[in-house]
>>> print(open('protein28.txt').read())   # compact mmCIF, C-alpha atoms
# COMPACT_ATOMS: atom_id res chain seq x y z
CA MET A 13 92.12 90.29 -81.82
CA LYS A 14 88.79 88.87 -80.74
CA ILE A 15 88.54 88.02 -77.09
CA ASP A 16 86.57 85.00 -76.05
CA TRP A 17 84.55 86.58 -73.24
CA GLN A 18 82.88 83.32 -72.31
CA ALA A 19 86.26 81.70 -71.73
CA TYR A 20 87.36 84.76 -69.78
CA GLU A 21 84.27 84.65 -67.62
CA ASP A 22 84.63 80.92 -67.02
CA GLY A 23 88.31 81.29 -66.10
CA LEU A 24 89.48 79.28 -69.07
CA LEU A 25 91.89 81.73 -70.72
CA GLY A 26 95.61 81.18 -70.52
CA PRO A 27 97.74 83.81 -68.74
CA GLU A 28 98.60 85.74 -71.90
CA GLU A 29 95.07 85.82 -73.26
CA ARG A 30 93.78 86.76 -69.84
CA GLU A 31 96.22 89.65 -69.63
CA LEU A 32 95.06 90.85 -73.05
CA ALA A 33 91.44 90.63 -71.99
CA GLU A 34 92.10 92.57 -68.82
CA LYS A 35 94.02 95.20 -70.71
CA ALA A 36 91.09 95.55 -73.09
CA LEU A 37 88.73 95.91 -70.15
CA ARG A 38 90.88 98.71 -68.74
CA THR A 39 91.24 100.63 -71.97
CA ASP A 40 88.33 99.80 -74.25
CA PRO A 41 84.76 100.72 -73.29
CA SER A 42 83.33 98.37 -75.92
CA ALA A 43 85.20 95.44 -74.32
CA ARG A 44 83.62 96.30 -70.98
CA LYS A 45 80.24 96.40 -72.68
CA GLN A 46 80.82 92.94 -74.12
CA LEU A 47 81.64 91.47 -70.73
CA GLU A 48 78.79 93.28 -68.99
CA GLY A 49 76.44 92.05 -71.70
CA LEU A 50 77.57 88.47 -71.24
CA ARG A 51 77.18 88.70 -67.47
CA ALA A 52 73.76 90.24 -67.79
CA PHE A 53 72.79 87.56 -70.30
CA ARG A 54 73.78 84.76 -67.91
CA ALA A 55 72.05 86.43 -64.98
CA MET A 56 68.90 86.89 -67.01
CA LEU A 57 69.00 83.29 -68.19
CA ARG A 58 69.29 82.06 -64.63
CA ASN A 59 66.51 84.35 -63.42
CA VAL A 60 64.18 83.34 -66.18
CA ALA A 61 64.87 79.62 -65.85
CA LEU A 62 64.50 79.67 -62.07
CA ARG A 63 61.24 81.57 -62.32
CA GLU A 64 59.49 78.50 -63.69
CA PRO A 65 57.31 77.07 -60.93
CA VAL A 66 58.36 73.87 -59.21
CA PRO A 67 55.76 71.71 -57.41
CA HIS A 68 57.83 71.48 -54.22
CA ARG A 69 55.17 69.81 -52.09
CA ARG A 70 54.36 67.24 -54.75
CA LEU A 71 58.06 66.39 -55.12
CA ARG A 72 58.39 65.92 -51.37
CA THR A 73 55.39 63.60 -51.50
CA ILE A 74 57.10 61.64 -54.27
CA LEU A 75 60.28 61.37 -52.18
CA ARG A 76 58.28 60.14 -49.20
CA SER A 77 56.45 57.61 -51.33
CA VAL A 78 59.73 56.32 -52.80
CA ILE A 79 61.19 55.76 -49.35
CA GLY A 80 57.88 54.36 -48.14
CA GLN A 81 57.57 51.96 -51.07
CA SER A 82 61.00 50.59 -50.48
CA ARG A 83 60.27 49.81 -46.87
CA PRO A 84 57.68 47.02 -47.10
CA ALA A 85 60.23 44.59 -48.51
CA LEU A 86 62.51 45.25 -45.57
CA ARG A 87 59.57 45.02 -43.25
CA ARG A 88 58.60 41.66 -44.66
CA TYR A 89 62.06 40.29 -43.85
CA ALA A 90 61.87 41.86 -40.43
CA LEU A 91 58.50 40.27 -39.84
CA VAL A 92 59.73 36.84 -40.98
CA GLY A 93 62.61 37.16 -38.52
CA ALA A 94 60.30 38.41 -35.83
CA ALA A 95 57.89 35.56 -36.48
CA THR A 96 60.69 33.00 -36.09
CA VAL A 97 61.82 34.57 -32.84
CA ALA A 98 58.20 34.79 -31.72
CA ALA A 99 57.71 31.08 -32.43
CA VAL A 100 60.68 30.20 -30.23
CA VAL A 101 59.53 32.56 -27.50
CA PHE A 102 56.06 31.17 -27.90
CA ALA A 103 57.33 27.65 -27.21
CA PHE A 104 59.36 28.78 -24.22
CA LEU A 105 56.60 30.80 -22.68
CA SER A 106 54.02 28.07 -23.05
CA PHE A 107 51.68 29.57 -25.55
CA ARG A 108 52.12 33.17 -24.42
CA ALA A 109 52.69 35.04 -27.63
CA ILE A 110 54.41 38.38 -27.69
CA TYR A 111 53.86 40.65 -30.62
CA GLN A 112 55.28 44.10 -31.11
CA PRO A 113 53.79 45.94 -34.07
CA PRO A 114 56.29 47.74 -36.26
CA VAL A 115 56.62 51.37 -35.33
CA GLY A 116 58.22 54.30 -37.08
CA GLU A 117 57.28 53.16 -40.56
CA MET A 118 56.63 55.81 -43.14
CA ARG A 119 53.66 54.26 -44.83
CA GLU A 120 50.92 51.97 -43.64
CA SER A 121 47.63 50.61 -44.89
CA PHE A 122 44.74 50.34 -42.47
CA ASP A 123 41.21 49.09 -42.80
CA THR A 124 39.71 52.17 -41.26
CA PHE A 125 40.56 55.82 -41.08
CA ALA A 126 40.39 55.67 -37.28
CA GLN A 127 43.27 53.17 -37.17
CA ALA A 128 45.27 55.32 -39.60
CA GLN A 129 44.47 58.40 -37.52
CA THR A 130 45.80 56.76 -34.34
CA TRP A 131 48.95 55.55 -36.07
CA ALA A 132 49.58 58.91 -37.75
CA SER A 133 49.04 60.80 -34.48
CA ARG A 134 51.70 58.62 -32.88
CA GLN A 135 54.09 59.18 -35.80
CA THR A 136 53.66 62.94 -36.04
CA GLY A 137 53.41 63.66 -32.33
CA PHE A 138 50.18 65.63 -32.52
CA VAL A 139 46.53 64.65 -32.58
CA ILE A 140 45.39 64.22 -36.15
CA PRO A 141 41.80 65.44 -36.47
CA LYS A 142 39.14 63.10 -37.81
CA ILE A 143 38.32 63.67 -41.45
CA GLU A 144 35.78 61.98 -43.67
CA LEU A 145 35.85 61.92 -47.46
CA ALA A 146 33.84 58.77 -48.13
CA SER A 147 31.45 60.75 -50.33
CA LEU A 148 34.35 61.36 -52.73
CA GLY A 149 36.41 58.19 -52.60
CA ALA A 150 37.87 55.32 -50.61
CA PHE A 151 40.62 55.80 -48.06
CA GLN A 152 43.75 53.97 -49.24
CA SER A 153 46.77 54.53 -47.06
CA VAL A 154 48.64 56.96 -44.87
CA HIS A 155 52.28 58.00 -44.82
CA CYS A 156 54.13 60.23 -42.42
CA SER A 157 57.32 62.23 -42.58
CA SER A 158 58.79 65.24 -40.83
CA GLY A 159 55.73 65.89 -38.70
CA GLU A 160 53.25 65.61 -41.57
CA ALA A 161 50.65 62.90 -42.12
CA CYS A 162 49.38 62.38 -45.64
CA PHE A 163 46.17 60.42 -46.20
CA ASP A 164 45.62 59.05 -49.69
CA TYR A 165 42.13 58.57 -51.12
CA LEU A 166 41.28 56.87 -54.37
CA VAL A 167 38.94 59.20 -56.25
CA ASN A 168 37.85 58.34 -59.79
CA GLY A 169 40.95 56.22 -60.33
CA HIS A 170 43.35 58.93 -59.10
CA ILE A 171 44.96 59.52 -55.74
CA LEU A 172 43.84 62.54 -53.77
CA HIS A 173 46.35 63.49 -51.05
CA VAL A 174 45.26 65.13 -47.84
CA ALA A 175 48.28 66.30 -45.86
CA ILE A 176 47.89 67.39 -42.25
CA SER A 177 50.69 69.06 -40.35
CA ARG A 178 51.44 71.73 -37.78
CA VAL A 179 53.60 73.66 -40.23
CA LYS A 180 52.15 77.10 -40.84
CA ILE A 181 51.14 78.00 -44.37
CA ASP A 182 53.88 79.92 -46.18
CA PRO A 183 52.12 82.77 -48.01
CA THR A 184 55.13 83.31 -50.28
CA HIS A 185 54.34 80.06 -52.06
CA CYS A 186 50.59 80.49 -52.34
CA GLY A 187 47.87 83.08 -52.57
CA LEU A 188 44.97 83.61 -50.19
CA GLN A 189 41.59 83.32 -51.89
CA MET A 190 38.06 83.26 -50.56
CA ILE A 191 36.51 80.12 -52.00
CA GLU A 192 32.81 79.84 -51.26
CA GLY A 193 33.36 82.12 -48.31
CA LYS A 194 36.22 80.05 -46.91
CA PRO A 195 39.78 81.39 -46.71
CA MET A 196 41.95 79.00 -48.69
CA TYR A 197 45.54 79.24 -49.88
CA VAL A 198 46.11 78.11 -53.45
CA ASP A 199 49.71 77.41 -54.44
CA LYS A 200 51.20 79.22 -57.40
CA LEU A 201 50.87 76.21 -59.66
CA GLY A 202 47.26 75.75 -58.64
CA ASP A 203 48.08 72.14 -57.72
CA ALA A 204 47.40 72.37 -54.00
CA ILE A 205 44.84 74.02 -51.76
CA SER A 206 45.59 74.63 -48.08
CA PHE A 207 43.70 75.98 -45.11
CA GLU A 208 44.08 76.18 -41.38
CA SER A 209 41.77 74.10 -39.26
CA SER A 210 40.29 75.32 -35.99
CA ASP A 211 42.74 73.17 -33.98
CA GLY A 212 45.73 74.89 -35.58
CA SER A 213 46.59 72.17 -38.11
CA THR A 214 47.37 72.96 -41.71
CA VAL A 215 45.46 70.86 -44.19
CA THR A 216 46.59 70.62 -47.81
CA VAL A 217 44.72 68.88 -50.60
CA GLU A 218 46.65 67.77 -53.69
CA GLY A 219 46.12 65.51 -56.69
CA CYS A 220 43.11 64.76 -58.93
CA SER A 221 41.37 67.57 -60.78
CA LYS A 222 41.04 71.13 -59.57
CA GLU A 223 37.29 70.66 -59.13
CA LEU A 224 37.79 67.61 -56.95
CA ARG A 225 40.46 69.35 -54.91
CA LEU A 226 38.11 72.27 -54.32
CA GLN A 227 35.28 69.92 -53.44
CA ALA A 228 37.45 67.96 -51.01
CA ALA A 229 38.86 71.12 -49.45
CA GLY A 230 35.34 72.48 -48.97
CA ILE A 231 34.16 69.26 -47.27
CA LEU A 232 37.23 69.13 -45.02
CA TYR A 233 37.02 72.81 -44.14
CA ALA A 234 33.44 72.34 -42.95
CA GLN A 235 34.43 69.29 -40.89
CA LEU A 236 37.40 71.01 -39.30
CA HIS A 237 35.59 74.24 -38.43
CA PRO A 238 32.67 72.94 -36.37
CA MET M 10 66.26 53.64 -41.04
CA ARG M 11 69.51 55.60 -40.74
CA GLN M 12 70.23 54.92 -44.40
CA ASP M 13 66.77 56.21 -45.32
CA LYS M 14 67.32 59.38 -43.32
CA ASP M 15 70.67 60.01 -45.02
CA PHE M 16 69.08 59.48 -48.40
CA GLU M 17 66.16 61.74 -47.60
CA ARG M 18 68.45 64.46 -46.27
CA THR M 19 70.73 64.33 -49.30
CA VAL M 20 68.02 64.15 -51.90
CA LYS M 21 65.54 66.60 -50.44
CA GLY M 22 67.55 69.63 -51.50
CA GLU M 23 67.95 68.33 -55.04
CA LEU M 24 64.29 67.73 -55.86
CA ALA M 25 63.72 71.12 -57.47
CA VAL M 26 66.96 70.81 -59.48
CA LEU M 27 65.92 67.39 -60.77
CA TYR M 28 62.49 68.68 -61.73
CA ARG M 29 63.92 71.69 -63.57
CA VAL M 30 66.48 69.56 -65.39
CA ALA M 31 63.75 67.15 -66.48
CA ARG M 32 61.68 70.09 -67.72
CA ARG M 33 64.71 71.40 -69.59
CA MET M 34 65.08 68.00 -71.21
CA GLY M 35 61.71 68.53 -72.78
CA ALA M 36 59.51 66.69 -70.30
CA THR M 37 56.03 67.96 -69.53
CA LYS M 38 55.15 68.72 -65.91
CA GLU M 39 53.72 65.24 -65.44
CA GLN M 40 56.63 63.56 -67.23
CA SER M 41 59.03 65.55 -65.07
CA GLU M 42 57.37 64.31 -61.90
CA ASP M 43 57.54 60.75 -63.28
CA ALA M 44 61.20 61.22 -64.15
CA VAL M 45 61.96 62.50 -60.65
CA GLN M 46 60.10 59.56 -59.15
CA SER M 47 61.92 56.92 -61.21
CA THR M 48 65.22 58.68 -60.52
CA LEU M 49 64.60 58.59 -56.79
CA LEU M 50 63.65 54.93 -56.92
CA LYS M 51 66.83 54.02 -58.80
CA ALA M 52 68.92 56.23 -56.55
CA PHE M 53 67.41 54.75 -53.40
CA GLN M 54 68.13 51.23 -54.64
CA ALA M 55 71.72 52.19 -55.43
CA TRP M 56 72.25 54.38 -52.38
CA ASP M 57 74.56 51.95 -50.56
CA ARG M 58 76.80 51.81 -53.64
CA PHE M 59 76.99 55.58 -54.13
CA ASP M 60 80.47 56.94 -53.29
CA GLY M 61 79.10 60.21 -51.89
CA ARG M 62 80.89 62.38 -54.44
CA HIS M 63 78.79 65.01 -56.23
CA PRO M 64 75.32 63.74 -55.25
CA ARG M 65 73.67 66.28 -57.55
CA SER M 66 75.65 65.05 -60.55
CA TRP M 67 74.92 61.46 -59.64
CA LEU M 68 71.19 62.12 -59.42
CA ILE M 69 71.14 64.08 -62.66
CA ARG M 70 72.99 61.27 -64.42
CA ILE M 71 70.32 58.83 -63.29
CA LEU M 72 67.59 61.28 -64.27
CA ARG M 73 69.13 61.74 -67.69
CA ASN M 74 69.22 57.99 -68.26
CA GLU M 75 65.65 57.63 -67.07
CA ARG M 76 64.50 60.44 -69.29
CA LEU M 77 66.36 59.06 -72.31
CA MET M 78 64.80 55.66 -71.73
CA ALA M 79 61.37 57.27 -71.51
CA ILE M 80 62.01 59.20 -74.71
CA ARG M 81 63.22 56.10 -76.50
CA SER M 82 60.05 54.32 -75.57
CA GLU M 83 58.08 57.26 -76.93
CA ARG M 84 60.02 57.56 -80.16
CA ASP M 85 61.68 54.98 -82.34
CA GLU M 86 64.94 56.73 -82.46
CA VAL M 87 66.49 59.65 -80.69
CA SER M 88 69.38 61.49 -82.15
CA LEU M 89 71.63 62.99 -79.56
CA ASN M 90 74.53 63.53 -81.86
CA GLU M 91 76.23 66.82 -81.51
CA ASP M 92 76.30 68.75 -84.74
CA ALA M 93 80.04 69.30 -84.64
CA SER M 94 80.29 70.12 -88.32
CA SER M 95 78.81 73.56 -87.97
CA SER M 96 81.18 75.81 -86.12
CA ILE M 97 80.08 78.84 -84.17
CA PRO M 98 82.87 81.36 -84.08
CA GLU M 99 83.05 83.71 -81.13
CA GLN M 100 81.96 87.15 -82.15
CA ASP M 101 81.02 90.29 -80.35
CA GLY M 102 77.37 90.81 -79.75
CA TRP M 103 76.90 90.30 -76.04
CA ASP M 104 76.25 94.01 -75.65
CA GLN M 105 73.36 93.89 -78.12
CA VAL M 106 71.49 91.08 -76.55
CA ILE M 107 70.26 92.92 -73.55
CA TRP M 108 67.27 93.74 -72.89
CA LYS M 109 65.13 93.79 -75.79
CA ILE M 110 64.10 90.38 -74.83
CA GLU M 111 61.23 89.23 -72.74
CA ALA M 112 61.50 86.37 -70.34
CA ASP M 113 59.01 84.21 -72.22
CA ARG M 114 60.96 84.52 -75.43
CA VAL M 115 64.17 83.57 -73.67
CA LEU M 116 62.52 80.46 -72.32
CA LEU M 117 61.06 79.63 -75.70
CA GLU M 118 64.41 79.93 -77.44
CA LEU M 119 66.07 77.97 -74.67
CA GLU M 120 63.50 75.21 -75.16
CA ASN M 121 64.26 75.19 -78.88
CA LEU M 122 67.96 74.47 -78.42
CA PRO M 123 69.07 70.87 -78.99
CA ASP M 124 68.85 68.81 -75.79
CA ILE M 125 72.58 68.58 -75.12
CA TYR M 126 72.94 72.38 -75.24
CA LYS M 127 69.89 73.00 -73.11
CA LEU M 128 71.29 70.68 -70.50
CA ALA M 129 74.68 72.38 -70.51
CA ILE M 130 73.07 75.76 -69.92
CA GLN M 131 70.72 74.38 -67.29
CA LEU M 132 73.48 72.73 -65.28
CA CYS M 133 76.21 75.37 -65.59
CA ASP M 134 74.38 78.68 -65.90
CA VAL M 135 71.10 78.02 -64.15
CA GLU M 136 72.00 75.51 -61.46
CA GLN M 137 75.55 76.92 -61.30
CA MET M 138 77.27 73.55 -61.17
CA SER M 139 81.01 73.44 -61.78
CA TYR M 140 82.32 72.04 -65.06
CA GLU M 141 83.47 68.97 -63.16
CA GLU M 142 80.02 68.36 -61.66
CA ALA M 143 78.30 69.01 -64.98
CA ALA M 144 80.68 66.64 -66.76
CA ASP M 145 79.94 64.01 -64.14
CA ALA M 146 76.20 64.58 -64.56
CA MET M 147 76.30 64.46 -68.36
CA ASP M 148 78.82 61.62 -68.36
CA VAL M 149 81.14 63.44 -70.76
CA PRO M 150 84.66 64.88 -70.46
CA ILE M 151 85.03 68.39 -69.03
CA GLY M 152 86.17 69.68 -72.40
CA THR M 153 82.90 68.58 -73.93
CA VAL M 154 80.96 70.51 -71.29
CA ARG M 155 82.97 73.62 -72.12
CA SER M 156 82.40 73.33 -75.83
CA ARG M 157 78.72 72.56 -75.43
CA LEU M 158 78.25 75.47 -73.10
CA PHE M 159 80.09 77.80 -75.43
CA ARG M 160 78.00 76.69 -78.37
CA ALA M 161 74.80 76.73 -76.36
CA ARG M 162 75.22 80.29 -75.10
CA THR M 163 76.29 81.59 -78.47
CA MET M 164 73.50 79.78 -80.28
CA LEU M 165 70.95 81.09 -77.81
CA ARG M 166 72.27 84.61 -78.02
CA ASN M 167 72.23 84.54 -81.82
CA ARG M 168 68.69 83.22 -81.88
CA LEU M 169 67.53 85.88 -79.45
CA LEU M 170 69.21 88.59 -81.48
CA ALA M 171 67.63 87.27 -84.65
CA THR M 172 64.20 87.24 -82.98
CA SER M 173 64.71 90.77 -81.70
CA ALA M 174 65.77 91.97 -85.12
CA ARG M 175 62.72 90.32 -86.69
CA LEU M 176 60.41 91.96 -84.19
CA GLU M 177 62.02 95.34 -84.72
CA ARG M 178 61.47 95.02 -88.47
CA VAL M 179 57.85 94.16 -87.88
CA THR M 180 57.20 97.05 -85.53
CA SER M 181 59.07 99.70 -87.51
>>> encode(input="protein28.txt", output="structure tokens")
Amino acid sequence: MKIDWQAYEDGLLGPEERELAEKALRTDPSARKQLEGLRAFRAMLRNVALREPVPHRRLRTILRSVIGQSRPALRRYALVGAATVAAVVFAFLSFRAIYQPPVGEMRESFDTFAQAQTWASRQTGFVIPKIELASLGAFQSVHCSSGEACFDYLVNGHILHVAISRVKIDPTHCGLQMIEGKPMYVDKLGDAISFESSDGSTVTVEGCSKELRLQAAGILYAQLHP
Amino acid sequence: MRQDKDFERTVKGELAVLYRVARRMGATKEQSEDAVQSTLLKAFQAWDRFDGRHPRSWLIRILRNERLMAIRSERDEVSLNEDASSSIPEQDGWDQVIWKIEADRVLLELENLPDIYKLAIQLCDVEQMSYEEAADAMDVPIGTVRSRLFRARTMLRNRLLATSARLERVTS
């Protein structure tokens, strides 16, 4: 009688069939080989499939952007409410307006990097260093989450992300390379380049082409290692 | 804000799973990122209606729908019908499969399986979800998960054995 080893392994055999399978395992070396083979096959499958690289950082950025994108609508309602309250307060206080800017938001757009830098420093709890990438593209927006500030630049129609945090670089996810004499960590997918700045921040550049990432990382490295 | 934090906390640990499942469904790296993004958007919008049961299955179900919609827009017609007419009887052979096979070939053969079988293997064997969770994710009865998984593993094993045999003939 053929034993369905998959069903055995998945716990799907009835009591009688299970007993038969276990008896075969006790007495028949070829039955044991079948089961061991199936187990090894599943383990290998899992190992192989999990070995494929996953762009963890990029996915976290996507998650942040999804939550950030969904906020403005809420914020608009909040601001309408706040404006109504402000109008009433305004009348009561004889033209003394009170305005509290929204705090704790994930994503904001600012006219200048300096404004974004101040906001992001407040959100992350550490001083974000000044960076300048105007030679590559225009600063678009900033978003913060879990102690990391990410500045987005529009470069040749694509977004270049510059993430700044105090989280140390994890060498298990990237390899150290000397790029034009500068120690940089390139992630296993080659999608992100990180380095440590002189003030102890970790800077990671993602998005756009590899050449642009390298160029941006080189510019930022020079700025952050005066 | 609290709702956002709950969502972020729940979803954060599932990002890699979603990406891998999208890849297994035949998406390129870029398409997989897009699929994860649209899944997260849909999930975030529906977060207050989610019952909290099997978040991974719930997210994968959304991802699957998103991916199928993307595929449909790429192709005129997608056939997801299970080829139930061809039966795959259980037969010994698990002991032969090992270890003539390189990882790349395993991945290649896995990629070549029909989508429904790839997904069954990905969810149950790779991500180690229970049959119940996988059924919830694939939106099919548990029995269907079992039969798909059975067929998927056997089909994959047979293909790998056939490839190995072919290579052995070539080298000898």
>>> residues_near_point(input="protein28.txt", point="(44.3, 62.9, -53.5)", cutoff="6 Å", atoms="only C-alpha atoms", output="list in words")
Asp164, Tyr165, Ile171, Leu172, His173, Glu218, Gly219 and Cys220 of chain A
>>> atom_distance(input="protein28.txt", atom1="CA of Arg72 in chain A", atom2="CA of Ile125 in chain M")
27.8 Å
>>> closest_residue(input="protein28.txt", among="A:Gln18, A:Phe125, A:Ala43, A:Ala204", to="Pro67 in chain A", atoms="all atoms listed in the file")
A:Ala204
>>> closest_atom_pairs(input="protein28.txt", of="chain A", to="chain M", cutoff="6 Å", atoms="only C-alpha atoms", output="Markdown table")
| residue | atom | partner | partner_atom | distance |
| --- | --- | --- | --- | --- |
| A:Lys45 | CA | M:Asp104 | CA | 5.5 |
| A:Gln46 | CA | M:Asp104 | CA | 4.9 |
| A:Gly49 | CA | M:Asp104 | CA | 4.4 |
| A:Leu50 | CA | M:Trp103 | CA | 5.2 |
| A:Arg58 | CA | M:Val135 | CA | 4.5 |
| A:Val60 | CA | M:Ala112 | CA | 5.8 |
| A:Val78 | CA | M:Leu50 | CA | 5.9 |
>>> residues_around(input="protein28.txt", residues="Phe138 in chain A", least_positions_apart="4", cutoff="12 Å", atoms="all atoms listed in the file", output="PyMOL selection string")
chain A and resi 129-134+156+158-161+176-179+211-213
>>> build_atoms(input="protein28.txt", residues="range 147-171 of chain M", atoms="N, CA and C atoms", output="CSV table (one decimal), in the frame of the given file")
chain,number,residue,atom,x,y,z
M,147,MET,N,76.6,64.8,-67.0
M,147,MET,CA,76.3,64.5,-68.4
M,147,MET,C,77.1,63.3,-68.9
M,148,ASP,N,78.0,62.8,-68.0
M,148,ASP,CA,78.8,61.6,-68.4
M,148,ASP,C,79.7,61.9,-69.6
M,149,VAL,N,80.3,63.1,-69.6
M,149,VAL,CA,81.1,63.4,-70.8
M,149,VAL,C,82.4,64.1,-70.2
M,150,PRO,N,83.5,64.2,-71.0
M,150,PRO,CA,84.7,64.9,-70.5
M,150,PRO,C,84.4,66.4,-70.2
M,151,ILE,N,85.2,67.0,-69.4
M,151,ILE,CA,85.0,68.4,-69.0
M,151,ILE,C,85.1,69.3,-70.3
M,152,GLY,N,86.0,68.9,-71.2
M,152,GLY,CA,86.2,69.7,-72.4
M,152,GLY,C,84.9,69.7,-73.2
M,153,THR,N,84.2,68.6,-73.2
M,153,THR,CA,82.9,68.6,-73.9
M,153,THR,C,81.9,69.5,-73.3
M,154,VAL,N,81.9,69.6,-72.0
M,154,VAL,CA,81.0,70.5,-71.3
M,154,VAL,C,81.3,71.9,-71.7
M,155,ARG,N,82.6,72.3,-71.7
M,155,ARG,CA,83.0,73.6,-72.1
M,155,ARG,C,82.5,73.9,-73.5
M,156,SER,N,82.8,73.0,-74.4
M,156,SER,CA,82.4,73.3,-75.8
M,156,SER,C,80.9,73.4,-76.0
M,157,ARG,N,80.2,72.5,-75.3
M,157,ARG,CA,78.7,72.6,-75.4
M,157,ARG,C,78.2,73.9,-74.9
M,158,LEU,N,78.7,74.2,-73.7
M,158,LEU,CA,78.2,75.5,-73.1
M,158,LEU,C,78.5,76.7,-74.0
M,159,PHE,N,79.7,76.7,-74.5
M,159,PHE,CA,80.1,77.8,-75.4
M,159,PHE,C,79.1,77.9,-76.6
M,160,ARG,N,78.9,76.7,-77.2
M,160,ARG,CA,78.0,76.7,-78.4
M,160,ARG,C,76.6,77.0,-77.9
M,161,ALA,N,76.2,76.5,-76.8
M,161,ALA,CA,74.8,76.7,-76.4
M,161,ALA,C,74.5,78.2,-76.1
M,162,ARG,N,75.4,78.9,-75.4
M,162,ARG,CA,75.2,80.3,-75.1
M,162,ARG,C,75.2,81.1,-76.4
M,163,THR,N,76.2,80.8,-77.2
M,163,THR,CA,76.3,81.6,-78.5
M,163,THR,C,75.1,81.4,-79.4
M,164,MET,N,74.7,80.1,-79.5
M,164,MET,CA,73.5,79.8,-80.3
M,164,MET,C,72.3,80.5,-79.7
M,165,LEU,N,72.1,80.5,-78.4
M,165,LEU,CA,71.0,81.1,-77.8
M,165,LEU,C,71.0,82.6,-78.0
M,166,ARG,N,72.2,83.2,-77.8
M,166,ARG,CA,72.3,84.6,-78.0
M,166,ARG,C,71.9,85.0,-79.5
M,167,ASN,N,72.5,84.2,-80.4
M,167,ASN,CA,72.2,84.5,-81.8
M,167,ASN,C,70.7,84.4,-82.2
M,168,ARG,N,70.1,83.4,-81.6
M,168,ARG,CA,68.7,83.2,-81.9
M,168,ARG,C,67.9,84.4,-81.3
M,169,LEU,N,68.3,84.8,-80.1
M,169,LEU,CA,67.5,85.9,-79.4
M,169,LEU,C,67.7,87.2,-80.2
M,170,LEU,N,68.9,87.4,-80.7
M,170,LEU,CA,69.2,88.6,-81.5
M,170,LEU,C,68.4,88.6,-82.8
M,171,ALA,N,68.4,87.4,-83.4
M,171,ALA,CA,67.6,87.3,-84.6
M,171,ALA,C,66.1,87.5,-84.4
